[in-house]
Structures are given as C-alpha cells and as structure tokens.
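Below is one structure; the comments refer to it alone.
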Amino acid sequence: MNCVILDDEPLAVELLSQYVAETENLSLSFATTDAFAAIQFIQKNEVDIIFLDVQMPELSGIQVLKIIGNNYKVIFTTAYTDYALDGYEYNITDYLLKPITQERFLKAVDKALATGIAAPLKSTGIDNDFIFIKSDSKMIKVNLNEILFIEGLKDYISIQTTKEKLITLQNLKALEQHLSGTQFMRVHKSYIVALNKIDTIEKNRIFIGSEVIPIGETYRDIFLKRIEGNKL
C-alpha cells in the first residue's frame with residue numbers, strides 16, 4: 001500500500017519513514033513537513049494510507065482532511081489525545097500518540113490493511129481485472145468478471161460471486177469508489193450490481209439468477225438511464 005507521511009516535525013517524519021521501510025506491504029511514496037506539498041501529491045497520485053499530523057502551523061490535520069476528502073486510510077499522529085478523537089468524525093482508521101513505538105505503529109497498519117480493499121486494475125479489455133479482499137485472515141483474489149453483486153452489511157460487505165459468497169470488513173461507499181468506471185453500479189443504499197450479470201429488470205427489482213435486488217428511489221433514474229444506453 002502506498003503511504004504518504006505529513007508531519008511538521010522532521011524527526012517524526014524520519015521515524016515514520018523508517019517504520020514504513022521496515023514494514024512488509026507498505027511503500028513510502030512521499031514524506032514531507034509541508035502540508036501544501038502533501039496535498040498536491042495526494043491529489044495527483046495513487047495513495048492508500050496517510051500518516052497525518054493533527055497540529056501543524058500551516059494547516060491542521062482536520063483541514064487537510066477537508067481538502068483531500070475521505071478516500072484514504074488516514075492514521076493520525078499526534079501528541080494530543082483530544083485532537084485525535086476529533087478525527088473520528090472523519091472516519092479515520094486509527095491514531096498514534098507520540099512518541100510512537102514501532103509496536104503501536106504496526107497495530108495501526110494492521111487495522112488499515114484489515115479494512116482495505118485494493119483498487120481494481122485499470123480496464124485493459126481483458127476479463128482478468130481483479131481486486132484483493134481480506135477475509136478470514138487471508139487475502140483473496142476476486143476476479144471482477146465473477147462478481148454478481150455486492151451487499152452492504154453495516155461495517156461489512158458481502159461479495160456474491162459465481163463461485164461463493166465472501167464477507168469482508170469494509171464499507172460499501174469505499175468499494176463503490178474503487179469500482180467507479182467499471183461494469184458495476186450502485187442501485188440501492190445497500191447494493192452494487194454487475195450490470196453485465198443482470199438477467200431481468202421488473203419495476204423496482206433486478207433479477208440476477210435466483211437473487212432479487214431492490215432498486216432504490218435515489219438511484220433509479222441514473223440506473224435506468226445507463227440501462228437505456230445499452231438497449232437496442
């Protein structure tokens with residue numbers, strides 16, 4: 001997972017950079033004490049995890065979050081517990097209280113990895129695009145062309161494939177963003193469907209094999225317009 005470190009203390013940046021370098025599955029993409037440089041990098045590059053200081057002179061960690069959005073796993077680094085607690089309003093993954101030990105760092109990373117879904121490969125026109133999900137302490141490869149639909153279950157999602165049903169700790173909105181631009185579409189607050197797996201559409205229901213999936217009023221018009229675009 002690609003990491004960015006933003007902290008106004010050079011020693012903190014150096015320590016976190018060392019921890020990232022010594023951790024399997026992490027790759028340091030950018031480390032800086034400059035909030036504006038970090039924002040510019042994040043907006044132009046693929047980033048998975050951000051280690052973000054809360055109290056900084058130019059912009060606070062909260063202000064940075066407001067600018068970049070919540071499409072990332074964010075781990076706060078701070079000397080102040082009160083500031084860290086504020087971050088949970090922005091769905092942060094964890095917070096590290098300074099001075100940060102490597103053991104505590106690894107626990108935060110494990111939490112980020114446990115709730116992470118790798119983005120699908122960009123479409124190549126070949127039916128082997130895939131994602132990896134964590135389920136039952138394993139990373140499982142899931143081919144996109146085998147997914148029938150995805151159901152949101154509070155903090156978990158259920159992925160129904162042509163072979164099996166997989167449960168993973170994740171939220172539906174995050175996965176929807178990862179699948180943007182593919183053959184998948186949100187049709188209900190609790191469902192994403194694979195358009196190429198739909199058998200029948202009847203009123204406010206979608207039929208995929210023996211499964212019946214509701215179409216939410218909020219999503220109905222956009223969904224039907226996309227379907228109309230594929231009608232002969």
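Scheme for the structure tokens: letters A, B, ... for chains in order shown; per-chain residue numbers from 1; ligand numbers from 1 in order shown.
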Report task. Write out as a ChimeraX atom specification all residues of range 3-143 of chain A that backbone DSSP assigns to strand (DSSP E). Result -> /A:3-6,27-32,49-53,73-78,94-97,130-135,138-143
Query raised in the report: Looking at only C-alpha atoms, which of A:Phe184, A:Phe51, A:Phe132, A:Tyr95 is the one that sits closest to Leu16 in chain A?
Result: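 Checking each of A:Phe184, A:Phe51, A:Phe132, A:Tyr95 against Leu16 in chain A, counting only C-alpha atoms, the winner is A:Phe51.
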Report task. From range 30-222 of chain A, collect each residue whose DSSP state is alpha helix (DSSP H) and return the set as a ChimeraX atom specification. Result -> /A:35-44,61-68,81-86,102-114,172-178,217-222
**Report entry** Surrounding residues of range 188-203 of chain A excluding itself and chain neighbours under 5 positions, 6 Å, only C-alpha atoms, as a PyMOL selection string
**Finding:** chain A and resi 148-152+183+208+215-216
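What separates CA of Gly69 in chain A from CA of Ile39 in chain A is a distance of 10.5 Å.
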Report summary line: Of A:Lys173, A:Arg186, A:Lys138, A:Lys98, the one sitting nearest Ile157 in chain A when using only C-alpha atoms is A:Lys173
Query raised in the report: Using only C-alpha atoms, which residue out of A:Met185, A:Ala21, A:Val4, A:Ile67 lies closest to Asp53 in chain A?
Result: A:Val4
Query raised in the report: Can you tell me, as a list in words, what residues are no more than 8 Å from Ala174 in chain A when counting only C-alpha atoms, ignoring any on the same chain fewer than 4 positions away?
Result: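 That gives Asn71, Gln170 and His178 of chain A.
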Give me a file of those residues, with N, CA, C and O atoms, as a compact mmCIF listing (two decimals), in the first residue's frame.
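Here's the written file out.txt:
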```txt
# COMPACT_ATOMS: atom_id res chain seq x y z
N ASN A 71 -11.19 9.42 0.89
CA ASN A 71 -10.98 8.22 0.07
C ASN A 71 -9.72 7.46 0.45
O ASN A 71 -9.25 6.61 -0.31
N GLN A 170 -15.43 -3.76 5.53
CA GLN A 170 -15.30 -2.63 4.60
C GLN A 170 -16.64 -1.96 4.51
O GLN A 170 -17.66 -2.53 4.91
N HIS A 178 -13.85 2.58 -5.54
CA HIS A 178 -12.81 1.78 -6.19
C HIS A 178 -13.29 1.19 -7.52
O HIS A 178 -12.52 1.03 -8.45
```
**Report entry** Interatomic distance (Å, one decimal) between CA of Ala38 in chain A and CA of Leu26 in chain A
**Finding:** 17.9 Å
Report task. For Asn171 in chain A, please output as a VMD selection string all residues within 9 Å (counting only C-alpha atoms; exclusion window: fewer than 3 positions along the same chain). Result -> chain A and resid 115 152 to 157 174 to 176
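Excluding Asp110 in chain A and any residue on its chain fewer than 4 positions from it, the residues at most 12 Å away by only C-alpha atoms are Met1, Thr23, Glu24, Asn25, Leu26, Ile49, Lys73, Ile75, Thr93, Asp94, Glu103, Arg104, Phe105, Leu106, Ala114, Thr115, Gly116, Lys134 and Ser137 of chain A.
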Report task. Identify which of the residues A:Gln63, A:Tyr19, A:Cys3, A:Met56 lies closest to Ala31 in chain A, counting only C-alpha atoms when measuring atom-to-atom distances. Result -> A:Cys3
**Report entry** Residue nearest Ile100 in chain A - candidates A:Phe223, A:Phe207, A:Phe76, A:Phe41, atoms counted: only C-alpha atoms
**Finding:**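 Checking each candidate against Ile100 in chain A, we get A:Phe76 as the closest.
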